[in-house]
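Printed here is run_5.cif (mmCIF, C-alpha atoms):
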data_query
loop_
_atom_site.label_atom_id
_atom_site.label_comp_id
_atom_site.auth_asym_id
_atom_site.auth_seq_id
_atom_site.Cartn_x
_atom_site.Cartn_y
_atom_site.Cartn_z
CA MET A 236 -78.29 16.67 -23.16
CA ASN A 237 -79.94 19.57 -21.43
CA SER A 238 -83.62 20.23 -22.12
CA ASP A 239 -84.13 23.74 -20.71
CA PRO A 240 -86.49 25.83 -22.86
CA LEU A 241 -84.80 28.64 -24.80
CA TRP A 242 -86.65 31.52 -23.10
CA SER A 243 -85.66 30.26 -19.66
CA ILE A 244 -82.00 30.02 -20.73
CA PHE A 245 -82.11 33.62 -21.95
CA ILE A 246 -83.74 35.01 -18.79
CA ASN A 247 -81.42 32.95 -16.64
CA ALA A 248 -78.24 34.15 -18.34
CA SER A 249 -79.23 37.80 -18.60
CA LEU A 250 -81.01 38.51 -15.31
CA ILE A 251 -81.05 35.80 -12.65
CA ASN A 252 -77.46 34.66 -13.00
CA ASN A 253 -76.14 37.87 -14.49
CA PHE A 254 -72.53 37.24 -15.52
CA VAL A 255 -71.19 40.40 -13.92
CA LEU A 256 -73.31 40.83 -10.81
CA ALA A 257 -73.91 37.22 -9.77
CA TYR A 258 -70.96 35.27 -11.23
CA PHE A 259 -68.31 38.02 -10.98
CA LEU A 260 -67.17 37.50 -14.56
CA GLY A 261 -65.82 40.39 -16.58
CA ILE A 262 -65.23 42.69 -13.63
CA CYS A 263 -62.21 44.42 -15.21
CA PRO A 264 -64.09 46.03 -18.17
CA PHE A 265 -67.07 46.52 -15.83
CA LEU A 266 -64.96 48.75 -13.59
CA GLY A 267 -62.81 50.17 -16.38
CA VAL A 268 -65.16 51.12 -19.25
CA SER A 269 -68.28 52.03 -17.29
CA GLY A 270 -67.42 55.72 -16.98
CA LYS A 271 -69.41 56.90 -20.02
CA MET A 272 -72.75 55.66 -21.31
CA GLU A 273 -71.71 55.62 -24.97
CA THR A 274 -68.50 53.61 -24.65
CA ALA A 275 -70.25 51.30 -22.21
CA SER A 276 -72.99 50.33 -24.66
CA ARG A 277 -70.52 49.87 -27.53
CA MET A 278 -68.25 47.76 -25.38
CA GLY A 279 -71.30 45.68 -24.53
CA GLY A 280 -71.96 45.21 -28.24
CA ALA A 281 -68.38 44.13 -28.96
CA VAL A 282 -68.38 41.66 -26.07
CA THR A 283 -71.75 40.22 -27.13
CA PHE A 284 -70.43 39.64 -30.65
CA VAL A 285 -67.27 37.91 -29.41
CA MET A 286 -69.44 35.81 -27.07
CA LEU A 287 -71.67 34.72 -29.94
CA VAL A 288 -68.74 33.67 -32.16
CA THR A 289 -66.99 31.96 -29.24
CA ALA A 290 -70.14 30.05 -28.28
CA VAL A 291 -70.51 28.67 -31.81
CA CYS A 292 -66.80 27.77 -32.09
CA ALA A 293 -66.68 26.29 -28.58
CA PHE A 294 -69.64 24.06 -29.44
CA GLY A 295 -67.80 22.74 -32.50
CA ILE A 296 -64.54 22.25 -30.60
CA GLN A 297 -66.28 20.38 -27.82
CA GLN A 298 -67.80 17.92 -30.32
CA LEU A 299 -64.39 17.47 -31.97
CA LEU A 300 -62.58 16.90 -28.67
CA LEU A 301 -65.20 14.33 -27.65
CA LEU A 302 -64.60 12.62 -30.98
CA ILE A 303 -60.81 12.37 -30.58
CA ASP A 304 -61.13 11.81 -26.81
CA ALA A 305 -58.85 14.62 -25.62
CA PRO A 306 -60.71 16.61 -22.93
CA TYR A 307 -57.47 18.06 -21.52
CA LEU A 308 -57.06 20.19 -24.65
CA LYS A 309 -60.34 22.00 -23.93
CA LEU A 310 -58.95 25.02 -22.10
CA ILE A 311 -56.07 25.60 -24.52
CA SER A 312 -58.22 25.37 -27.65
CA PHE A 313 -60.94 27.62 -26.20
CA ILE A 314 -58.51 30.36 -25.33
CA ALA A 315 -56.86 30.12 -28.77
CA VAL A 316 -60.27 30.56 -30.45
CA ILE A 317 -61.12 33.54 -28.25
CA ALA A 318 -57.79 35.22 -28.92
CA SER A 319 -58.22 34.90 -32.68
CA THR A 320 -61.85 36.09 -32.61
CA VAL A 321 -60.84 39.18 -30.68
CA GLN A 322 -58.09 39.86 -33.20
CA LEU A 323 -60.71 39.61 -35.97
CA VAL A 324 -63.11 41.98 -34.22
CA GLU A 325 -60.27 44.40 -33.61
CA MET A 326 -59.34 44.52 -37.30
CA PHE A 327 -63.00 44.86 -38.28
CA ILE A 328 -63.68 47.78 -35.92
CA LYS A 329 -60.44 49.50 -36.91
CA LYS A 330 -61.53 49.37 -40.55
CA MET A 331 -65.21 50.28 -40.04
CA SER A 332 -65.08 52.86 -37.27
CA PRO A 333 -61.71 54.36 -36.26
CA THR A 334 -63.48 56.61 -33.72
CA LEU A 335 -64.91 53.65 -31.83
CA PHE A 336 -61.53 51.95 -32.09
CA ARG A 337 -59.88 54.86 -30.31
CA ALA A 338 -62.66 55.16 -27.72
CA LEU A 339 -62.34 51.53 -26.64
CA GLY A 340 -58.53 51.74 -26.59
CA ILE A 341 -56.71 49.12 -24.56
CA PHE A 342 -59.97 47.45 -23.51
CA LEU A 343 -60.53 46.03 -26.97
CA PRO A 344 -57.54 43.62 -27.01
CA LEU A 345 -58.26 42.98 -23.33
CA ILE A 346 -61.54 41.28 -24.29
CA THR A 347 -59.28 38.24 -24.74
CA THR A 348 -58.69 38.15 -21.01
CA ASN A 349 -62.32 38.91 -20.20
CA CYS A 350 -63.33 36.01 -17.99
CA ALA A 351 -66.97 36.37 -19.04
CA ILE A 352 -66.14 34.96 -22.47
CA LEU A 353 -64.05 31.98 -21.37
CA GLY A 354 -66.60 31.46 -18.59
CA LEU A 355 -69.39 31.30 -21.14
CA ALA A 356 -67.55 28.68 -23.20
CA LEU A 357 -66.88 26.57 -20.09
CA PHE A 358 -70.38 26.85 -18.63
CA GLN A 359 -72.12 25.90 -21.85
CA THR A 360 -70.06 22.71 -22.15
CA ASN A 361 -70.60 21.90 -18.46
CA LYS A 362 -74.34 22.31 -18.86
CA GLY A 363 -74.38 20.20 -22.03
CA TYR A 364 -76.36 22.66 -24.16
CA GLY A 365 -77.26 21.87 -27.77
CA PHE A 366 -76.35 24.20 -30.64
CA LEU A 367 -79.43 26.45 -30.49
CA GLN A 368 -79.27 26.58 -26.70
CA CYS A 369 -75.62 27.69 -26.91
CA VAL A 370 -76.52 30.56 -29.23
CA VAL A 371 -79.37 31.73 -26.97
CA TYR A 372 -77.15 31.38 -23.90
CA ALA A 373 -74.49 33.58 -25.52
CA LEU A 374 -77.08 36.20 -26.50
CA GLY A 375 -78.50 36.21 -22.98
CA ALA A 376 -75.08 36.53 -21.37
CA GLY A 377 -74.16 39.35 -23.75
CA ALA A 378 -77.42 41.16 -23.04
CA GLY A 379 -76.85 40.78 -19.30
CA PHE A 380 -73.29 42.09 -19.57
CA THR A 381 -74.41 45.08 -21.64
CA LEU A 382 -77.27 45.79 -19.22
CA ALA A 383 -74.95 45.77 -16.19
CA LEU A 384 -72.41 47.97 -17.96
CA VAL A 385 -75.01 50.52 -19.11
CA LEU A 386 -76.72 50.69 -15.70
CA MET A 387 -73.37 51.25 -14.06
CA ALA A 388 -72.40 53.94 -16.57
CA GLY A 389 -75.68 55.77 -15.92
CA LEU A 390 -75.08 55.74 -12.18
CA ARG A 391 -71.47 56.85 -12.53
CA GLU A 392 -72.34 59.73 -14.88
CA LYS A 393 -74.73 61.06 -12.23
CA LEU A 394 -72.28 60.43 -9.42
CA ALA A 395 -69.51 62.37 -11.16
CA LEU A 396 -71.48 65.53 -10.38
CA ALA A 397 -71.87 64.75 -6.67
CA ALA A 398 -69.44 66.00 -4.03
CA THR A 399 -67.68 62.96 -2.58
CA PRO A 400 -64.76 62.76 -0.14
CA ASP A 401 -61.36 62.23 -1.75
CA VAL A 402 -60.78 58.91 0.01
CA VAL A 403 -63.66 57.11 -1.66
CA LYS A 404 -63.17 58.50 -5.18
CA GLY A 405 -62.39 55.97 -7.91
CA THR A 406 -62.53 52.24 -7.36
CA VAL A 407 -64.04 52.28 -3.86
CA LEU A 408 -67.17 54.13 -4.89
CA THR A 409 -67.54 52.04 -8.03
CA LEU A 410 -67.36 48.84 -5.98
CA VAL A 411 -69.99 50.04 -3.51
CA LEU A 412 -72.27 50.92 -6.45
CA ALA A 413 -71.67 47.47 -7.94
CA GLY A 414 -72.61 45.95 -4.58
CA PHE A 415 -75.96 47.77 -4.55
CA LEU A 416 -76.66 46.80 -8.17
CA SER A 417 -75.91 43.22 -7.24
CA VAL A 418 -78.40 43.39 -4.35
CA ALA A 419 -80.99 44.76 -6.78
CA PHE A 420 -80.39 41.91 -9.23
CA MET A 421 -80.95 39.40 -6.45
CA GLY A 422 -84.58 40.40 -6.70
CA PHE A 423 -84.76 38.52 -10.01
CA ALA A 424 -83.95 35.25 -8.25
CA GLY A 425 -87.64 34.33 -8.02
CA LEU A 426 -88.06 34.41 -11.83
CA GLY A 427 -88.07 31.16 -13.77
CA SER A 428 -86.43 28.06 -12.39
CA MET B 49 -29.69 34.09 -20.34
CA THR B 50 -29.11 36.88 -17.85
CA ASP B 51 -28.10 35.89 -14.41
CA VAL B 52 -29.69 37.37 -11.30
CA ARG B 53 -26.65 39.46 -10.39
CA SER B 54 -26.22 41.05 -13.83
CA ASP B 55 -29.71 42.63 -13.72
CA HIS B 56 -29.78 46.29 -12.83
CA GLY B 57 -32.27 48.02 -10.58
CA PRO B 58 -33.61 47.04 -7.17
CA SER B 59 -32.12 44.17 -5.20
CA PRO B 60 -33.72 40.69 -5.40
CA THR B 61 -35.16 41.13 -1.91
CA ASP B 62 -37.00 44.27 -2.99
CA GLU B 63 -38.26 42.43 -6.05
CA PHE B 64 -39.80 39.87 -3.72
CA LEU B 65 -41.14 42.28 -1.12
CA LYS B 66 -42.80 44.77 -3.46
CA GLY B 67 -45.63 42.34 -4.25
CA LEU B 68 -46.54 42.03 -0.59
CA TRP B 69 -47.29 45.63 0.18
CA LYS B 70 -46.13 48.44 -2.12
CA GLU B 71 -47.48 46.89 -5.32
CA ASN B 72 -49.97 44.46 -3.82
CA PRO B 73 -51.81 43.03 -6.84
CA VAL B 74 -55.28 43.28 -5.32
CA PHE B 75 -55.28 46.29 -3.00
CA VAL B 76 -52.98 48.57 -4.95
CA GLN B 77 -53.07 47.47 -8.60
CA VAL B 78 -56.68 46.19 -8.50
CA LEU B 79 -55.86 43.27 -10.81
CA GLY B 80 -57.47 39.85 -11.03
CA MET B 81 -60.74 40.97 -9.48
CA CYS B 82 -62.96 38.16 -10.76
CA PRO B 83 -61.54 35.27 -8.70
CA VAL B 84 -60.94 37.61 -5.78
CA LEU B 85 -64.63 38.38 -5.52
CA ALA B 86 -66.07 35.09 -6.65
CA VAL B 87 -64.35 32.49 -4.49
CA SER B 88 -63.68 34.50 -1.34
CA ASN B 89 -66.93 33.48 0.37
CA THR B 90 -65.02 31.20 2.78
CA ALA B 91 -61.43 31.44 3.99
CA GLU B 92 -60.69 27.89 2.85
CA ASN B 93 -61.77 28.50 -0.74
CA ALA B 94 -59.84 31.75 -0.76
CA LEU B 95 -56.65 30.03 0.40
CA ALA B 96 -56.95 27.25 -2.18
CA MET B 97 -57.62 29.70 -4.99
CA GLY B 98 -54.70 31.88 -3.90
CA LEU B 99 -52.28 28.96 -3.81
CA ALA B 100 -53.42 27.69 -7.22
CA THR B 101 -52.95 31.14 -8.71
CA MET B 102 -49.54 31.50 -7.10
CA PHE B 103 -48.39 28.17 -8.54
CA VAL B 104 -49.42 29.19 -12.05
CA LEU B 105 -47.94 32.66 -11.62
CA VAL B 106 -44.50 31.43 -10.52
CA LEU B 107 -44.22 28.73 -13.19
CA SER B 108 -45.52 30.86 -16.05
CA ASN B 109 -43.19 33.69 -15.03
CA ALA B 110 -40.27 31.26 -15.10
CA VAL B 111 -41.15 29.80 -18.51
CA VAL B 112 -41.94 33.15 -20.12
CA SER B 113 -38.66 34.52 -18.85
CA MET B 114 -36.79 31.48 -20.23
CA ILE B 115 -38.23 31.75 -23.73
CA ARG B 116 -38.49 35.52 -23.87
CA SER B 117 -35.73 35.98 -26.45
CA PHE B 118 -37.26 33.49 -28.93
CA ILE B 119 -40.80 34.92 -29.05
CA PRO B 120 -41.58 37.29 -31.94
CA ARG B 121 -43.15 40.50 -30.65
CA GLN B 122 -46.41 40.17 -32.61
CA VAL B 123 -47.45 36.84 -31.12
CA ARG B 124 -46.12 37.30 -27.60
CA ILE B 125 -49.49 37.68 -25.88
CA ALA B 126 -50.86 34.55 -27.56
CA THR B 127 -47.73 32.65 -26.52
CA TYR B 128 -48.01 33.79 -22.91
CA ILE B 129 -51.66 32.74 -22.80
CA LEU B 130 -50.84 29.28 -24.14
CA VAL B 131 -48.09 28.85 -21.53
CA ILE B 132 -50.49 29.94 -18.79
CA ALA B 133 -53.28 27.69 -20.10
CA THR B 134 -50.96 24.69 -19.95
CA PHE B 135 -50.13 25.25 -16.28
CA VAL B 136 -53.76 25.92 -15.42
CA THR B 137 -54.75 22.58 -16.97
CA VAL B 138 -52.12 20.96 -14.72
CA VAL B 139 -53.50 22.71 -11.62
CA ASP B 140 -57.06 21.75 -12.59
CA TYR B 141 -56.21 18.05 -12.70
CA VAL B 142 -54.05 18.20 -9.54
CA ILE B 143 -56.86 19.78 -7.48
CA GLN B 144 -59.30 17.23 -8.87
CA ALA B 145 -56.94 14.48 -7.67
CA ILE B 146 -56.41 15.98 -4.20
CA SER B 147 -59.96 16.93 -3.26
CA LEU B 148 -63.06 16.54 -5.38
CA ASP B 149 -65.11 18.66 -2.94
CA LEU B 150 -62.74 21.57 -3.27
CA HIS B 151 -62.79 21.22 -7.04
CA LYS B 152 -66.57 21.40 -6.96
CA ALA B 153 -66.56 24.44 -4.66
CA LEU B 154 -64.16 26.41 -6.86
CA GLY B 155 -65.97 25.28 -10.00
CA ALA B 156 -65.10 26.98 -13.26
CA PHE B 157 -62.92 29.49 -11.47
CA ILE B 158 -59.91 27.17 -11.56
CA SER B 159 -60.04 27.15 -15.35
CA LEU B 160 -60.61 30.88 -15.29
CA ILE B 161 -57.14 31.43 -13.77
CA VAL B 162 -56.10 31.52 -17.45
CA VAL B 163 -57.72 34.90 -17.90
CA ASN B 164 -56.56 36.35 -14.57
CA CYS B 165 -55.13 39.70 -15.66
CA LEU B 166 -52.58 39.50 -12.84
CA ILE B 167 -50.74 36.56 -14.42
CA LEU B 168 -50.73 37.93 -17.95
CA GLY B 169 -49.84 41.33 -16.55
CA ARG B 170 -46.75 40.02 -14.75
CA ALA B 171 -45.69 38.00 -17.80
CA GLU B 172 -45.89 41.09 -20.00
CA ALA B 173 -44.63 43.70 -17.55
CA PHE B 174 -41.96 41.74 -15.71
CA ALA B 175 -41.03 38.25 -16.89
CA SER B 176 -40.58 39.29 -20.53
CA LYS B 177 -37.91 41.78 -19.49
CA HIS B 178 -36.03 40.10 -16.63
CA GLY B 179 -33.98 36.98 -15.91
CA VAL B 180 -35.38 33.68 -14.65
CA GLY B 181 -34.30 34.14 -11.01
CA ARG B 182 -35.86 37.56 -10.67
CA SER B 183 -39.02 36.50 -12.45
CA ILE B 184 -39.51 33.63 -10.02
CA LEU B 185 -38.96 35.98 -7.07
CA ASP B 186 -41.42 38.46 -8.54
CA GLY B 187 -43.96 35.67 -9.07
CA LEU B 188 -43.52 34.47 -5.48
CA GLY B 189 -43.92 37.97 -4.05
CA MET B 190 -46.96 38.81 -6.15
CA GLY B 191 -48.41 35.35 -5.47
CA ILE B 192 -48.06 35.70 -1.71
CA GLY B 193 -49.51 39.21 -1.90
CA PHE B 194 -52.47 37.74 -3.80
CA VAL B 195 -52.95 34.94 -1.24
CA VAL B 196 -52.86 37.42 1.65
CA ALA B 197 -55.39 39.70 -0.06
CA LEU B 198 -57.71 36.76 -0.76
CA LEU B 199 -57.42 35.63 2.85
CA CYS B 200 -58.25 39.16 4.08
CA LEU B 201 -61.43 39.09 2.02
CA GLY B 202 -62.33 35.47 2.62
CA GLY B 203 -61.70 35.75 6.36
CA VAL B 204 -63.92 38.80 6.80
CA ARG B 205 -66.68 37.39 4.62
CA GLU B 206 -66.73 34.01 6.33
CA LEU B 207 -66.49 35.55 9.81
CA PHE B 208 -69.56 37.74 9.36
CA GLY B 209 -71.39 35.65 6.80
CA SER B 210 -71.36 32.33 8.64
CA GLY B 211 -69.83 33.26 12.01
CA SER B 212 -66.89 30.91 11.52
CA LEU B 213 -63.29 30.88 10.31
CA PHE B 214 -61.90 27.95 8.28
CA GLY B 215 -65.10 26.08 9.16
CA VAL B 216 -64.60 26.51 12.94
CA ARG B 217 -67.38 28.39 14.74
CA VAL B 218 -66.00 31.61 16.26
CA PHE B 219 -69.00 33.65 17.29
CA PRO B 220 -71.50 32.40 19.92
CA ASP B 221 -74.73 30.83 18.66
CA GLN B 222 -76.72 33.99 19.39
CA PHE B 223 -74.89 35.74 16.54
CA GLN B 224 -77.19 36.34 13.62
CA ASP B 225 -75.29 35.61 10.38
CA TRP B 226 -75.09 38.47 7.91
CA VAL B 227 -76.25 36.51 4.89
CA VAL B 228 -75.41 39.40 2.57
CA MET B 229 -71.68 38.84 3.21
CA ILE B 230 -71.54 35.45 1.51
CA LEU B 231 -73.77 36.60 -1.36
CA PRO B 232 -72.17 38.30 -4.40
CA SER B 233 -72.92 41.80 -3.12
CA GLY B 234 -70.97 41.09 0.08
CA GLY B 235 -67.86 40.54 -2.03
CA PHE B 236 -68.17 43.99 -3.57
CA PHE B 237 -68.78 45.65 -0.19
CA THR B 238 -65.90 43.88 1.59
CA LEU B 239 -63.42 44.71 -1.17
CA ALA B 240 -64.61 48.32 -1.17
CA ALA B 241 -64.05 48.49 2.60
CA TRP B 242 -60.49 47.12 2.29
CA LEU B 243 -59.64 49.52 -0.53
CA LEU B 244 -61.04 52.37 1.51
CA LEU B 245 -58.75 51.41 4.39
CA PHE B 246 -55.72 51.28 2.05
CA ASN B 247 -56.58 54.63 0.44
CA TYR B 248 -57.02 56.20 3.86
CA LEU B 249 -53.65 54.92 5.13
CA LYS B 250 -51.89 56.03 1.96
CA GLN B 251 -53.49 59.46 2.10
CA ARG B 252 -52.61 59.97 5.74
CA ARG B 253 -49.00 59.17 5.01
CA ALA B 254 -48.80 61.49 2.02
CA ARG B 255 -50.80 64.41 3.35
CA PRO B 256 -51.46 66.95 1.90
CA GLY B 257 -51.26 64.96 -1.34
CA PRO B 258 -54.22 64.36 -3.68
CA ALA B 259 -56.42 61.27 -3.49
CA VAL B 260 -54.87 58.13 -4.94
CA GLU B 261 -56.82 57.34 -8.07
CA VAL B 262 -56.74 53.64 -8.85
CA THR B 263 -57.94 52.63 -12.28
CA SER B 264 -58.09 49.14 -13.62
#
Conversion result in structure tokens:
Amino acid sequence: MNSDPLWSIFINASLINNFVLAYFLGICPFLGVSGKMETASRMGGAVTFVMLVTAVCAFGIQQLLLLIDAPYLKLISFIAVIASTVQLVEMFIKKMSPTLFRALGIFLPLITTNCAILGLALFQTNKGYGFLQCVVYALGAGAGFTLALVLMAGLREKLALAATPDVVKGTVLTLVLAGFLSVAFMGFAGLGS
Amino acid sequence: MTDVRSDHGPSPTDEFLKGLWKENPVFVQVLGMCPVLAVSNTAENALAMGLATMFVLVLSNAVVSMIRSFIPRQVRIATYILVIATFVTVVDYVIQAISLDLHKALGAFISLIVVNCLILGRAEAFASKHGVGRSILDGLGMGIGFVVALLCLGGVRELFGSGSLFGVRVFPDQFQDWVVMILPSGGFFTLAAWLLLFNYLKQRRARPGPAVEVTS
């Protein structure tokens, strides 16, 4: 069992080891949906929710697999849970807010293949977190993902107005921006343990 | 089951070659970014990751293509993911058996091959529509393209970040290592530089065409 205090888990997951900028997880939506501030923050919300549900389910599955002694089923059962959670969220959003559903478009079903979520489920089992720690870890990771996405969207909205050479437009510029953000987040490395 | 010859379209050789350059998964399609950036801090890690991904890609392409006529449309993505997850579990245990150090260095990223958009993308876009032979060729081409791209990144990052290549010291001792290259930000910068090079070459060839907009 891991005995890290909850606040340190949260800070660690959201700032020091930010999932996007330090672990390179969830790069696809990070590059794809970070064009506009509004979609970016909503995408962050959706991902955080899926992370929370996955973390709870993954905790249960891990206990069950330990019980029946079948660790090799871990990956397959995790991905099955994630796929069904995303399906659920998709139906929910479609019912509650068709506008948001259209704005997120293809990136909503693609949350299934967002490595940040499977990564979260794998890391929490590797670290041996308890139930409450798993929940806080998921919240921290979600907050970190949303923060990175929103920061990026803010920068890109400003940059859209600047005159840039044709060669660097698109992915190249976004990657350079991500690099600088990542350097900035390294400054958090001194926080906590 | 369709046989290789009865498929229409480009020849099998083109099917294989397109992954290397024209539709290179990393530099042109910008797919599967997470492992590309995360484990390319040394050339050795990059090579191992590339080979593992290629293995999964070829086998999952073959299986998806074999069972493509039995899968109902609604559950196809879930089926593909389960097929991929099975092969990734195999790779995970094989790497653990071959070299425990390598397994530790790659960490969770071996398991994360499951969610590599490149593999799911090829299953959906190619293997579900073509015969087994072609799907294997496509997987091989794309896989080799992926390995080459990873090596390009890993080589550059290791060369400047630790002054060595595959663990062998290349630069003289006076060389001051650029620590930033092996840190996360170095991954972003190196990939940006490679994409810039590709965009520039493409634009020079197609002048006076517009800039090539790559979206992922």
Would you give me, as a tab-separated table, each residue of chain B having an atom within 8 Å of an atom of chain A, along with its shortest atom pair and that distance in Å to one decimal, using all atoms listed in the file and sorting by chain and residue number?
residue	atom	partner	partner_atom	distance
B:Leu79	CA	A:Cys263	CA	7.8
B:Gly80	CA	A:Cys263	CA	7.8
B:Met81	CA	A:Ile262	CA	6.4
B:Cys82	CA	A:Phe259	CA	5.4
B:Pro83	CA	A:Phe259	CA	7.7
B:Leu85	CA	A:Phe259	CA	6.6
B:Ala86	CA	A:Phe259	CA	5.7
B:Ala126	CA	A:Ala318	CA	7.1
B:Ile129	CA	A:Ile314	CA	7.7
B:Leu130	CA	A:Ile311	CA	6.4
B:Ala133	CA	A:Ile311	CA	5.6
B:Thr134	CA	A:Ile311	CA	6.9
B:Thr137	CA	A:Tyr307	CA	7.0
B:Ala156	CA	A:Leu357	CA	7.1
B:Ser159	CA	A:Leu310	CA	7.2
B:Leu160	CA	A:Cys350	CA	6.4
B:Val162	CA	A:Thr348	CA	8.0
B:Val163	CA	A:Thr348	CA	4.6
B:Asn164	CA	A:Thr348	CA	7.0
B:Cys165	CA	A:Thr348	CA	6.6
B:Pro232	CA	A:Ala257	CA	5.7
B:Ser233	CA	A:Gly414	CA	4.4
B:Gly234	CA	A:Gly414	CA	6.9
B:Gly235	CA	A:Gly414	CA	7.6
B:Phe236	CA	A:Gly414	CA	5.0
B:Phe237	CA	A:Val411	CA	5.6
B:Leu239	CA	A:Leu410	CA	7.5
B:Ala240	CA	A:Val407	CA	4.8
B:Ala241	CA	A:Val407	CA	7.5
B:Leu243	CA	A:Val407	CA	6.2
B:Leu244	CA	A:Val407	CA	6.2
B:Asn247	CA	A:Val402	CA	6.0
B:Tyr248	CA	A:Val402	CA	6.0
B:Gln251	CA	A:Val402	CA	7.6
B:Pro258	CA	A:Asp401	CA	7.7
B:Ala259	CA	A:Asp401	CA	5.3
B:Val260	CA	A:Val402	CA	7.7
B:Glu261	CA	A:Gly405	CA	5.7
B:Val262	CA	A:Thr406	CA	6.1
B:Thr263	CA	A:Thr406	CA	6.7
B:Ser264	CA	A:Gly267	CA	5.6
Point-to-point distance in Å for CA of Leu339 in chain A and CA of Pro120 in chain B: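 Distance reported for this atom pair: 25.7 Å.
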So which residues get picked by the PyMOL selection byres ((chain B and resi 182-197) around 8) here, written as a tab-separated table (two decimals) with C-alpha atoms, in the coordinates of the input?
chain	number	residue	atom	x	y	z
B	52	VAL	CA	-29.69	37.37	-11.30
B	60	PRO	CA	-33.72	40.69	-5.40
B	63	GLU	CA	-38.26	42.43	-6.05
B	64	PHE	CA	-39.80	39.87	-3.72
B	65	LEU	CA	-41.14	42.28	-1.12
B	66	LYS	CA	-42.80	44.77	-3.46
B	67	GLY	CA	-45.63	42.34	-4.25
B	68	LEU	CA	-46.54	42.03	-0.59
B	69	TRP	CA	-47.29	45.63	0.18
B	72	ASN	CA	-49.97	44.46	-3.82
B	73	PRO	CA	-51.81	43.03	-6.84
B	74	VAL	CA	-55.28	43.28	-5.32
B	75	PHE	CA	-55.28	46.29	-3.00
B	94	ALA	CA	-59.84	31.75	-0.76
B	95	LEU	CA	-56.65	30.03	0.40
B	97	MET	CA	-57.62	29.70	-4.99
B	98	GLY	CA	-54.70	31.88	-3.90
B	99	LEU	CA	-52.28	28.96	-3.81
B	101	THR	CA	-52.95	31.14	-8.71
B	102	MET	CA	-49.54	31.50	-7.10
B	103	PHE	CA	-48.39	28.17	-8.54
B	105	LEU	CA	-47.94	32.66	-11.62
B	106	VAL	CA	-44.50	31.43	-10.52
B	107	LEU	CA	-44.22	28.73	-13.19
B	109	ASN	CA	-43.19	33.69	-15.03
B	110	ALA	CA	-40.27	31.26	-15.10
B	113	SER	CA	-38.66	34.52	-18.85
B	170	ARG	CA	-46.75	40.02	-14.75
B	174	PHE	CA	-41.96	41.74	-15.71
B	175	ALA	CA	-41.03	38.25	-16.89
B	178	HIS	CA	-36.03	40.10	-16.63
B	179	GLY	CA	-33.98	36.98	-15.91
B	180	VAL	CA	-35.38	33.68	-14.65
B	181	GLY	CA	-34.30	34.14	-11.01
B	198	LEU	CA	-57.71	36.76	-0.76
B	199	LEU	CA	-57.42	35.63	2.85
B	200	CYS	CA	-58.25	39.16	4.08
B	201	LEU	CA	-61.43	39.09	2.02
Do you know which residues the PyMOL selection byres ((chain A and resi 247-251) around 8) returns on this file, as an mmCIF file with C-alpha atoms, keeping the file's coordinate frame?
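Final file, selection-v8.cif:
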data_model
loop_
_atom_site.group_PDB
_atom_site.id
_atom_site.type_symbol
_atom_site.label_atom_id
_atom_site.label_comp_id
_atom_site.auth_asym_id
_atom_site.auth_seq_id
_atom_site.Cartn_x
_atom_site.Cartn_y
_atom_site.Cartn_z
ATOM 1 C CA SER A 243 -85.660 30.260 -19.660
ATOM 2 C CA ILE A 244 -82.000 30.020 -20.730
ATOM 3 C CA PHE A 245 -82.110 33.620 -21.950
ATOM 4 C CA ILE A 246 -83.740 35.010 -18.790
ATOM 5 C CA ASN A 252 -77.460 34.660 -13.000
ATOM 6 C CA ASN A 253 -76.140 37.870 -14.490
ATOM 7 C CA PHE A 254 -72.530 37.240 -15.520
ATOM 8 C CA ALA A 257 -73.910 37.220 -9.770
ATOM 9 C CA TYR A 372 -77.150 31.380 -23.900
ATOM 10 C CA GLY A 375 -78.500 36.210 -22.980
ATOM 11 C CA ALA A 376 -75.080 36.530 -21.370
ATOM 12 C CA GLY A 377 -74.160 39.350 -23.750
ATOM 13 C CA ALA A 378 -77.420 41.160 -23.040
ATOM 14 C CA GLY A 379 -76.850 40.780 -19.300
ATOM 15 C CA PHE A 380 -73.290 42.090 -19.570
ATOM 16 C CA PHE A 420 -80.390 41.910 -9.230
ATOM 17 C CA MET A 421 -80.950 39.400 -6.450
ATOM 18 C CA PHE A 423 -84.760 38.520 -10.010
ATOM 19 C CA ALA A 424 -83.950 35.250 -8.250
ATOM 20 C CA LEU A 426 -88.060 34.410 -11.830
ATOM 21 C CA GLY A 427 -88.070 31.160 -13.770
#
Distance of CA of Gln322 in chain A from CA of Val371 in chain A, expressed in Å to one decimal place: 23.6 Å
Atom pair CA of Ile328 in chain A / CA of Thr381 in chain A: separation (Å):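 We find that CA of Ile328 in chain A and CA of Thr381 in chain A lie 18.1 Å from each other.
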Reference answer for the PyMOL selection byres ((chain A and resi 280-289) around 7), as a VMD selection string: chain A and resid 276 to 279 290 to 293 316 to 317 320 to 321 352 356 370 373 to 374 377
Residue with smallest distance to Ala96 in chain B - pool B:Thr61, B:Ser117, B:Gln77, B:Ser147, counting all atoms listed in the file: B:Ser147
Which of B:Ile158, B:Ala91, B:Val131, B:Val111 sits closest to Gly215 in chain B [using all atoms listed in the file]: B:Ala91
Among listed residues B:Phe208, B:Leu154, B:Asn89, B:Gly202, nearest Leu231 in chain B (using only C-alpha atoms):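 Checking each candidate against Leu231 in chain B, we get B:Asn89 as the closest.
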